[in-house]
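Coordinates from start.csv are shown below (CSV, C-alpha atoms and all ligand atoms).
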chain,number,residue,atom,x,y,z
G,1,MET,CA,148.8,98.0,99.4
G,2,GLU,CA,146.2,98.6,102.0
G,3,THR,CA,144.2,101.8,101.5
G,4,PRO,CA,143.2,103.9,104.6
G,5,HIS,CA,139.8,102.5,105.0
G,6,THR,CA,139.8,98.9,103.9
G,7,SER,CA,140.1,97.7,107.4
G,8,LEU,CA,136.6,99.1,108.0
G,9,ILE,CA,134.8,97.3,105.2
G,10,LYS,CA,131.9,95.5,106.8
G,11,THR,CA,129.3,93.0,105.9
G,12,ASP,CA,126.1,94.1,104.2
G,13,VAL,CA,123.6,96.1,106.2
G,14,ARG,CA,120.1,94.6,106.3
G,15,ILE,CA,116.8,96.1,107.3
G,16,GLY,CA,114.4,93.1,107.5
G,17,SER,CA,115.1,91.3,104.2
G,18,LEU,CA,116.3,94.4,102.5
G,19,ASP,CA,120.1,94.2,101.7
G,20,LEU,CA,121.6,97.7,101.5
G,21,GLY,CA,125.2,96.6,100.8
G,22,ALA,CA,128.1,97.6,103.0
G,23,PHE,CA,128.0,101.0,104.6
G,24,PRO,CA,124.9,102.5,102.8
G,25,LEU,CA,124.5,106.2,102.3
G,26,LEU,CA,120.9,107.4,102.9
G,27,LEU,CA,119.2,110.4,101.5
G,28,ALA,CA,117.5,112.2,104.5
G,29,PRO,CA,113.8,113.0,104.4
G,30,MET,CA,113.5,116.7,103.8
G,31,GLU,CA,110.2,118.6,103.7
G,32,ASP,CA,109.6,120.3,100.3
G,33,VAL,CA,112.9,118.9,99.1
G,34,SER,CA,112.9,115.1,99.0
G,35,ASP,CA,110.3,114.8,96.3
G,36,PRO,CA,110.5,112.5,93.3
G,37,PRO,CA,112.4,115.0,91.0
G,38,PHE,CA,115.1,115.5,93.7
G,39,ARG,CA,115.2,111.8,94.5
G,40,ALA,CA,115.8,111.0,90.9
G,41,VAL,CA,119.0,113.0,90.8
G,42,CYS,CA,120.1,111.7,94.2
G,43,LYS,CA,119.6,108.1,93.0
G,44,GLN,CA,121.8,108.8,90.0
G,45,GLY,CA,124.3,110.4,92.4
G,46,GLY,CA,124.5,107.1,94.4
G,47,ALA,CA,122.1,107.2,97.3
G,48,ASP,CA,121.5,103.7,98.6
G,49,LEU,CA,118.2,104.3,100.4
G,50,MET,CA,115.9,107.3,100.1
G,51,TYR,CA,112.9,108.6,102.1
G,52,THR,CA,110.0,110.8,101.3
G,53,GLU,CA,109.6,114.0,103.2
G,54,PHE,CA,107.5,113.5,106.4
G,55,ILE,CA,103.8,113.0,105.8
G,56,SER,CA,101.1,113.9,108.3
G,57,SER,CA,99.2,110.8,109.7
G,58,GLU,CA,96.1,112.9,110.1
G,59,GLY,CA,96.4,114.2,106.6
G,60,LEU,CA,96.6,110.6,105.3
G,61,VAL,CA,93.7,109.4,107.3
G,62,ARG,CA,91.6,112.4,106.0
G,63,ASP,CA,92.8,111.5,102.5
G,64,ALA,CA,94.1,115.1,102.1
G,65,VAL,CA,95.3,115.6,98.5
G,66,LYS,CA,98.6,117.1,99.7
G,67,SER,CA,99.4,114.1,101.9
G,68,ARG,CA,98.3,111.5,99.4
G,69,GLN,CA,100.5,113.0,96.6
G,70,LYS,CA,103.6,112.6,98.9
G,71,LEU,CA,103.0,108.8,98.8
G,72,ASP,CA,103.9,108.6,95.1
G,73,ILE,CA,107.0,106.4,94.9
G,74,TYR,CA,108.5,104.7,91.8
G,75,ASP,CA,110.3,101.5,91.1
G,76,HIS,CA,113.4,103.2,89.9
G,77,GLU,CA,113.8,104.8,93.3
G,78,ARG,CA,113.8,101.7,95.3
G,79,PRO,CA,114.6,100.9,98.0
G,80,MET,CA,112.3,103.7,99.4
G,81,GLY,CA,111.1,104.6,102.8
G,82,ILE,CA,108.0,106.6,103.4
G,83,GLN,CA,108.1,108.7,106.5
G,84,ILE,CA,105.1,109.6,108.6
G,85,PHE,CA,104.6,111.8,111.7
G,86,GLY,CA,101.9,112.0,114.3
G,87,GLY,CA,101.2,112.3,118.0
G,88,GLU,CA,98.4,109.9,118.5
G,89,LEU,CA,98.1,106.1,118.0
G,90,GLU,CA,94.8,105.9,116.1
G,91,PRO,CA,95.7,108.2,113.2
G,92,MET,CA,99.1,106.7,113.0
G,93,LEU,CA,97.7,103.2,112.7
G,94,GLY,CA,95.4,104.5,109.9
G,95,ALA,CA,98.4,106.1,108.3
G,96,VAL,CA,100.4,102.9,108.4
G,97,ASP,CA,97.5,101.1,106.6
G,98,LYS,CA,97.4,103.8,103.9
G,99,VAL,CA,101.2,103.8,103.4
G,100,ALA,CA,101.3,100.0,103.2
G,101,GLU,CA,98.9,100.2,100.2
G,102,VAL,CA,101.7,101.7,98.1
G,103,SER,CA,104.2,99.0,99.3
G,104,PRO,CA,107.3,101.0,100.2
G,105,ASP,CA,110.3,99.0,101.3
G,106,ILE,CA,110.3,100.7,104.7
G,107,ILE,CA,107.9,102.8,106.8
G,108,ASP,CA,109.8,105.4,108.9
G,109,LEU,CA,108.5,107.2,112.0
G,110,ASN,CA,109.6,110.8,112.5
G,111,PHE,CA,110.4,111.5,116.1
G,112,GLY,CA,112.8,114.3,115.3
G,113,CYS,CA,111.0,117.2,113.6
G,114,PRO,CA,111.6,120.3,115.8
G,115,VAL,CA,109.0,122.6,114.2
G,116,LYS,CA,106.7,124.2,116.7
G,117,ASN,CA,103.3,123.4,115.0
G,118,VAL,CA,104.4,119.7,114.8
G,119,VAL,CA,105.9,119.5,118.3
G,120,CYS,CA,102.8,121.2,119.9
G,121,LYS,CA,100.7,118.2,118.8
G,122,ASP,CA,103.2,115.8,120.5
G,123,ALA,CA,104.4,114.8,117.1
G,124,GLY,CA,108.0,114.8,115.7
G,125,SER,CA,110.5,115.5,118.5
G,126,GLY,CA,107.5,116.5,120.7
G,127,MET,CA,107.2,112.8,121.5
G,128,LEU,CA,110.7,112.9,123.0
G,129,ARG,CA,109.1,114.5,126.1
G,130,ASN,CA,107.1,111.4,126.7
G,131,LEU,CA,109.2,108.3,126.0
G,132,PRO,CA,106.8,105.7,127.4
G,133,LYS,CA,104.2,107.0,124.9
G,134,LEU,CA,106.7,107.1,122.1
G,135,ILE,CA,107.7,103.5,122.8
G,136,GLN,CA,104.1,102.2,123.2
G,137,ILE,CA,102.9,103.8,120.0
G,138,THR,CA,105.9,102.4,118.1
G,139,ALA,CA,105.2,98.9,119.5
G,140,GLU,CA,101.7,99.1,118.1
G,141,LEU,CA,102.8,100.4,114.8
G,142,VAL,CA,105.4,97.7,114.4
G,143,LYS,CA,102.7,95.1,114.9
G,144,ARG,CA,100.5,96.8,112.3
G,145,SER,CA,103.1,97.4,109.6
G,146,PRO,CA,103.5,94.7,107.0
G,147,MET,CA,107.0,96.1,106.1
G,148,PRO,CA,110.0,96.9,108.3
G,149,LEU,CA,109.4,99.9,110.6
G,150,THR,CA,112.3,102.3,111.2
G,151,VAL,CA,112.7,105.4,113.4
G,152,LYS,CA,114.4,108.7,112.8
G,153,THR,CA,115.0,110.8,115.9
G,154,ARG,CA,117.3,113.2,117.8
G,155,LEU,CA,119.5,112.8,120.8
G,156,GLY,CA,116.7,114.0,123.1
G,157,TRP,CA,114.5,116.9,123.9
G,158,ASP,CA,117.1,119.1,125.5
G,159,ASP,CA,120.5,119.0,127.0
G,160,LYS,CA,119.2,117.4,130.2
G,161,SER,CA,117.3,114.7,128.5
G,162,LYS,CA,119.6,113.1,126.0
G,163,HIS,CA,118.2,109.6,126.4
G,164,ILE,CA,119.0,108.2,123.0
G,165,VAL,CA,121.0,105.3,124.2
G,166,TYR,CA,118.1,104.0,126.3
G,167,LEU,CA,115.6,104.9,123.7
G,168,ALA,CA,117.4,103.1,120.8
G,169,GLU,CA,117.5,99.9,122.8
G,170,ALA,CA,113.9,100.2,123.8
G,171,LEU,CA,112.8,100.7,120.2
G,172,GLN,CA,114.9,97.7,119.1
G,173,ASP,CA,113.1,95.7,121.8
G,174,VAL,CA,109.7,96.5,120.4
G,175,GLY,CA,110.7,95.5,116.9
G,176,VAL,CA,112.1,98.6,115.2
G,177,ALA,CA,114.3,97.4,112.3
G,178,ALA,CA,116.8,100.3,112.2
G,179,ILE,CA,117.3,103.7,113.7
G,180,ALA,CA,118.7,107.0,112.3
G,181,VAL,CA,119.9,109.5,114.8
G,182,HIS,CA,120.4,113.2,114.2
G,183,GLY,CA,123.1,114.4,116.6
G,184,ARG,CA,121.2,117.4,118.0
G,185,THR,CA,118.4,117.9,120.6
G,186,ARG,CA,115.1,119.4,119.8
G,187,VAL,CA,116.0,122.6,121.7
G,188,GLN,CA,119.1,123.0,119.5
G,189,MET,CA,116.9,123.0,116.3
G,190,TYR,CA,119.7,123.3,113.7
G,191,LYS,CA,122.1,125.4,115.8
G,192,GLY,CA,125.6,124.5,116.8
G,193,ALA,CA,127.4,121.5,115.5
G,194,ALA,CA,125.9,118.0,115.5
G,195,ASP,CA,127.4,115.9,118.3
G,196,TRP,CA,127.9,112.3,117.3
G,197,THR,CA,129.3,111.1,120.6
G,198,LEU,CA,126.0,109.6,121.7
G,199,ILE,CA,125.4,108.2,118.3
G,200,GLY,CA,128.6,106.3,118.8
G,201,GLU,CA,127.4,105.1,122.2
G,202,VAL,CA,124.1,103.9,120.7
G,203,LYS,CA,126.2,101.8,118.2
G,204,SER,CA,128.7,100.5,120.8
G,205,ASN,CA,125.9,99.4,123.2
G,206,PRO,CA,126.6,95.6,123.1
G,207,ARG,CA,122.8,94.9,123.2
G,208,MET,CA,122.2,96.7,119.9
G,209,HIS,CA,122.0,94.6,116.8
G,210,ILE,CA,119.8,96.6,114.4
G,211,PRO,CA,121.5,99.1,112.0
G,212,VAL,CA,122.3,102.5,113.5
G,213,PHE,CA,122.6,105.3,111.0
G,214,GLY,CA,124.3,108.6,111.9
G,215,ASN,CA,123.0,111.9,110.7
G,216,GLY,CA,124.1,115.6,111.0
G,217,ASP,CA,126.5,117.9,109.2
G,218,ILE,CA,128.2,115.3,106.9
G,219,ASP,CA,129.3,117.4,104.0
G,220,SER,CA,132.4,115.9,102.6
G,221,PRO,CA,134.0,112.4,101.9
G,222,MET,CA,136.7,113.1,104.5
G,223,LYS,CA,134.2,113.9,107.2
G,224,ALA,CA,132.2,110.8,106.3
G,225,ALA,CA,135.3,108.6,106.5
G,226,GLU,CA,136.4,110.2,109.8
G,227,TYR,CA,132.9,109.8,111.4
G,228,ARG,CA,132.5,106.2,110.2
G,229,GLU,CA,135.8,105.3,111.8
G,230,ARG,CA,135.3,107.3,115.0
G,231,TYR,CA,131.7,106.4,115.7
G,232,GLY,CA,131.4,103.0,114.1
G,233,VAL,CA,127.9,103.6,112.6
G,234,ASP,CA,126.4,101.2,110.0
G,235,GLY,CA,125.8,104.0,107.5
G,236,ILE,CA,125.3,107.7,107.1
G,237,MET,CA,122.3,109.7,106.3
G,238,ILE,CA,122.8,112.9,104.4
G,239,GLY,CA,120.5,115.9,104.0
G,240,ARG,CA,121.5,119.4,103.3
G,241,ALA,CA,124.8,118.5,101.6
G,242,ALA,CA,122.9,116.7,98.8
G,243,ILE,CA,120.8,119.7,97.9
G,244,GLY,CA,122.3,120.9,94.6
G,245,TYR,CA,125.1,118.4,95.0
G,246,PRO,CA,123.8,114.9,94.5
G,247,TRP,CA,127.4,113.8,93.7
G,248,ILE,CA,128.1,113.8,97.4
G,249,PHE,CA,127.1,110.1,97.5
G,250,ARG,CA,129.4,108.9,94.8
G,251,GLU,CA,132.3,111.1,96.1
G,252,ILE,CA,131.9,109.6,99.6
G,253,LYS,CA,131.8,106.1,98.2
G,254,ALA,CA,134.9,106.6,96.1
G,255,TYR,CA,136.8,107.9,99.1
G,256,LEU,CA,135.7,105.1,101.4
G,257,ARG,CA,136.5,102.5,98.8
G,258,SER,CA,140.0,103.6,97.8
G,259,GLY,CA,140.9,106.8,99.6
G,260,ALA,CA,140.7,108.6,96.3
G,261,VAL,CA,139.2,112.0,95.9
G,262,HIS,CA,136.6,111.8,93.1
G,263,ALA,CA,136.8,114.5,90.5
G,264,PRO,CA,134.1,117.2,91.2
G,265,PRO,CA,131.3,117.4,88.7
G,266,THR,CA,132.0,119.3,85.5
G,267,VAL,CA,129.9,122.3,84.4
G,268,GLU,CA,128.2,120.0,81.9
G,269,GLU,CA,127.3,117.5,84.7
G,270,ARG,CA,125.9,120.3,86.9
G,271,LEU,CA,123.8,121.6,84.1
G,272,ALA,CA,122.6,118.1,83.1
G,273,ALA,CA,121.5,117.3,86.7
G,274,CYS,CA,119.9,120.7,87.2
G,275,SER,CA,118.1,120.5,83.9
G,276,GLU,CA,116.8,117.0,84.6
G,277,HIS,CA,115.7,118.1,88.1
G,278,LEU,CA,113.9,121.1,86.6
G,279,GLU,CA,112.2,119.1,83.9
G,280,ARG,CA,111.0,116.5,86.4
G,281,SER,CA,109.9,119.2,88.7
G,282,LEU,CA,107.8,120.9,86.0
G,283,GLN,CA,106.2,117.6,85.1
G,284,TRP,CA,105.6,116.6,88.7
G,285,LYS,CA,104.3,119.8,90.3
G,286,GLY,CA,103.2,121.7,87.2
G,287,PRO,CA,104.7,124.9,85.8
G,288,LYS,CA,104.0,127.2,88.7
G,289,LEU,CA,104.9,125.1,91.8
G,290,GLY,CA,107.5,123.2,89.8
G,291,LEU,CA,109.4,126.4,89.2
G,292,LEU,CA,108.9,127.7,92.7
G,293,GLU,CA,110.2,124.5,94.3
G,294,MET,CA,113.3,124.6,92.1
G,295,ARG,CA,114.4,128.0,93.4
G,296,ARG,CA,116.2,126.7,96.5
G,297,HIS,CA,118.3,124.4,94.3
G,298,TYR,CA,119.9,126.8,91.8
G,299,ALA,CA,122.4,128.4,94.2
G,300,PRO,CA,123.9,125.1,95.3
G,301,TYR,CA,123.9,123.6,91.8
G,302,PHE,CA,126.1,126.6,90.7
G,303,LYS,CA,128.0,127.2,93.8
G,304,GLY,CA,131.5,128.5,93.2
G,305,PHE,CA,130.7,129.9,89.8
G,306,GLU,CA,132.3,133.4,89.5
G,307,ASN,CA,130.0,136.3,88.7
G,308,ILE,CA,126.9,134.1,88.6
G,309,LYS,CA,124.9,136.5,90.8
G,310,GLU,CA,122.9,138.2,88.1
G,311,ILE,CA,121.9,134.9,86.4
G,312,ARG,CA,121.1,133.4,89.7
G,313,SER,CA,118.8,136.1,90.8
G,314,ARG,CA,116.9,135.9,87.5
G,315,LEU,CA,116.7,132.1,88.0
G,316,VAL,CA,115.0,132.6,91.3
G,317,GLN,CA,112.6,135.3,90.2
G,318,SER,CA,111.4,134.0,86.8
G,319,MET,CA,108.0,132.5,86.5
G,320,GLU,CA,108.6,131.5,82.9
G,321,PRO,CA,110.0,128.0,82.2
G,322,GLU,CA,111.2,129.3,78.8
G,323,GLU,CA,113.3,132.0,80.5
G,324,ILE,CA,114.8,129.4,82.9
G,325,TRP,CA,116.0,127.3,79.9
G,326,VAL,CA,117.5,130.3,78.3
G,327,LEU,CA,119.3,131.2,81.5
G,328,LEU,CA,120.7,127.7,81.8
G,329,GLU,CA,121.9,127.9,78.2
G,330,ARG,CA,123.7,131.1,79.1
G,331,ILE,CA,125.5,129.3,82.0
G,332,ARG,CA,126.5,126.7,79.5
G,333,SER,CA,128.0,129.1,77.0
G,334,GLN,CA,129.6,131.4,79.7
G,335,TYR,CA,131.2,128.7,81.8
G,336,ALA,CA,131.7,125.8,79.4
G,337,SER,CA,135.5,126.1,79.5
G,338,VAL,CA,135.7,126.9,83.2
G,339,GLN,CA,137.0,124.5,85.8
G,340,VAL,CA,134.7,125.0,88.8
K,401,LIG,C1,114.6,121.7,104.5
K,401,LIG,C2,114.6,120.5,105.5
K,401,LIG,C3,113.5,119.8,105.7
K,401,LIG,C4,113.6,118.7,106.6
K,401,LIG,N1,112.5,117.9,106.7
K,401,LIG,C5,112.5,116.7,107.4
K,401,LIG,C6,111.5,115.7,107.3
K,401,LIG,O1,110.5,115.9,106.6
K,401,LIG,N2,111.7,114.6,108.1
K,401,LIG,C7,112.8,114.4,108.9
K,401,LIG,O2,112.9,113.4,109.6
K,401,LIG,N3,113.8,115.3,109.0
K,401,LIG,C8,113.7,116.4,108.2
K,401,LIG,N4,114.7,117.3,108.2
K,401,LIG,C9,116.0,117.0,108.9
K,401,LIG,C10,117.0,116.2,108.0
K,401,LIG,O3,116.4,115.0,107.7
K,401,LIG,C11,118.3,116.0,108.8
K,401,LIG,O4,118.0,115.3,109.9
K,401,LIG,C12,119.0,117.3,109.1
K,401,LIG,O5,119.0,118.2,108.0
K,401,LIG,C13,120.5,117.0,109.5
K,401,LIG,O6,121.2,116.4,108.5
K,401,LIG,P1,122.2,117.2,107.5
K,401,LIG,O7,123.1,117.9,108.4
K,401,LIG,O8,122.8,116.1,106.7
K,401,LIG,O9,121.3,118.1,106.7
K,401,LIG,C14,114.7,118.4,107.3
K,401,LIG,C15,115.8,119.2,107.2
K,401,LIG,C16,115.8,120.3,106.3
K,401,LIG,C17,117.1,121.1,106.1
Before anything else, please render the file you have as structure tokens.
Ligand SMILES: Cc1cc2nc3c(=O)[nH]c(=O)nc-3n(C[C@H](O)[C@H](O)[C@H](O)COP(=O)(O)O)c2cc1C
Amino acid sequence: METPHTSLIKTDVRIGSLDLGAFPLLLAPMEDVSDPPFRAVCKQGGADLMYTEFISSEGLVRDAVKSRQKLDIYDHERPMGIQIFGGELEPMLGAVDKVAEVSPDIIDLNFGCPVKNVVCKDAGSGMLRNLPKLIQITAELVKRSPMPLTVKTRLGWDDKSKHIVYLAEALQDVGVAAIAVHGRTRVQMYKGAADWTLIGEVKSNPRMHIPVFGNGDIDSPMKAAEYRERYGVDGIMIGRAAIGYPWIFREIKAYLRSGAVHAPPTVEERLAACSEHLERSLQWKGPKLGLLEMRRHYAPYFKGFENIKEIRSRLVQSMEPEEIWVLLERIRSQYASVQV
């Protein structure tokens, strides 16, 4: 019997020589989130392609420790994209050279970040105010990059300048190998709902042949299936919904494959993922920063747990790894028999 989505099964999506399988699910680049510990749990959750958080081109060229550390990628994470941002050609060329030294599968350009101190240097979505410059810089970076170069961007700067259909085609023409589009403008920041209408138009443009990935507000298998069908994208990029819930990838895959709703993770699975994430975080960033950076993840890992508030507030206040392990053990004993 035909399942609801088998009619949509497509051929493998390729970026350069990289084969991502049919309808890949991408983990979005997220500053202070998409680090190796988080990527490890998302890989186990089923992410097909992952990115580092954005890295400053100027920082890389200066060899700043903070920027250089973000270049660390591991074989078990592949395929991996490293994302850079910048507003001027020279440092971006230098950054591409530095990134190429660690041989990621993809180099991604960030033309979407809406944050003021990035935008004011013409970087991130700031570049959306000057499309000729954006396209020209990208063309030079494509020539320089030994690996496929991709772009992540937004619909446009503001409501009056949603030029993404034109921009996507122009980027393809200068050699960009894939594009991911977040369905908001810069001015919107994260407000309102992501509008995928123009992402659908980018994809249905008969001149487009590179992969087009949709991004924005996908937080359930049903929404992923609905948006795939409605907008025809080649794959979906997921950000916030994966925080504390790396199972989103396998759940979407199961639903797209068979229309079946995957069982949610058990308490044990949630504890195992959180513990692995914490352990890797402590190793990666050290006891202080490792603990601090885990704080945003506890609430989503244990979302829906009744009366968890007291444990949760201690998790996000403690500066002692030992105490955190004890608190996680308390969750185990308190919720072991609960269906969340
Ligand atoms: C905490 C946070 C950090 C982010 N950092 C980056 C980044 O470094 N590079 C980037 O291209 N987008 C960044 N984004 C945007 C996401 O990649 C994504 O486009 C956005 O969250 C919409 O997708 P979502 O609704 O699935 O979260 C960030 C978003 C969040 C929430």
Give as an MDAnalysis selection string the residues surrounding ligand LIG 401 (chain K) up to a distance of 9 Å, considering only C-alpha atoms and all ligand atoms.
chainID G and resid 27:34 51:55 83:85 108:114 124 151:154 180:184 190 194 215:219 236:243
Would you mind reading off the distance between CA of Leu49 in chain G and CA of Arg280 in chain G, one decimal, in Å?
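Computed distance, CA of Leu49 in chain G to CA of Arg280 in chain G, equals 19.9 Å.
Between CA of His163 in chain G and CA of Arg186 in chain G lies a distance of 12.2 Å.
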List every protein, DNA or RNA residue that has at least one atom no more than 12 Å from (118.6, 100.9, 102.5) in the file's coordinates, counting only C-alpha atoms, and write the result as a PyMOL selection string.
chain G and resi 12-28+43+46-51+77-81+104-108+148+150+177-180+211-213+234-237
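Interatomic distance, CA of Leu315 in chain G to CA of Leu328 in chain G: 8.6 Å.
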So, with only C-alpha atoms as the atoms that count, which of G:Val176, G:Ile135, G:Met294, G:Val65 lies closest to Pro321 in chain G?
G:Met294
Distance criterion (only C-alpha atoms): nearest to Ala224 in chain G out of G:Gly259, G:Pro246, G:Pro206, G:Gly45
G:Gly259
With distances taken over all atoms listed in the file, which of G:Arg295, G:Tyr227, G:Val316, G:Leu171 is nearest to Thr197 in chain G?
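The closest residue to Thr197 in chain G is G:Tyr227.
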Here is a test: counting all atoms listed in the file, which residue of G:Leu128, G:Ile137, G:Val233, G:Val142 is nearest to Leu167 in chain G?
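That would be G:Leu128, the residue with the smallest distance to Leu167 in chain G.
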8 Å contact set for Ile164 in chain G, only C-alpha atoms, chain neighbours under 6 positions out, as number ranges by chain:
G: 154-156, 198-199, 202
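Minimum atom-to-atom distances from G:Ser161, G:Trp247, G:Asp173, G:Met127 to Ala139 in chain G were compared using only C-alpha atoms, and the lowest value belongs to G:Asp173.
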Which protein, DNA or RNA residues have an atom at most 10 Å from (111.6, 123.1, 83.8), counting all atoms listed in the file? List them as a list in words.
Cys274, Ser275, Glu276, His277, Leu278, Glu279, Arg280, Ser281, Leu282, Gln283, Gly286, Pro287, Lys288, Gly290, Leu291, Met294, Glu320, Pro321, Glu322, Glu323, Ile324 and Trp325 of chain G
So that I can check the surroundings of range 94-100 of chain G, please list as a PyMOL selection string every protein, DNA and RNA residue that reaches within 7 Å of it, counting only C-alpha atoms and ignoring chain neighbours fewer than 4 positions away.
chain G and resi 57+60-61+90+104+145-146
Find the residues around range 298-310 of chain G up to 9 Å (only C-alpha atoms counted), leave out those fewer than 2 positions away in its own chain, and share them as a ChimeraX atom specification.
/G:243-245,267,270-271,273-274,294-296,312-316,331,335,338,340
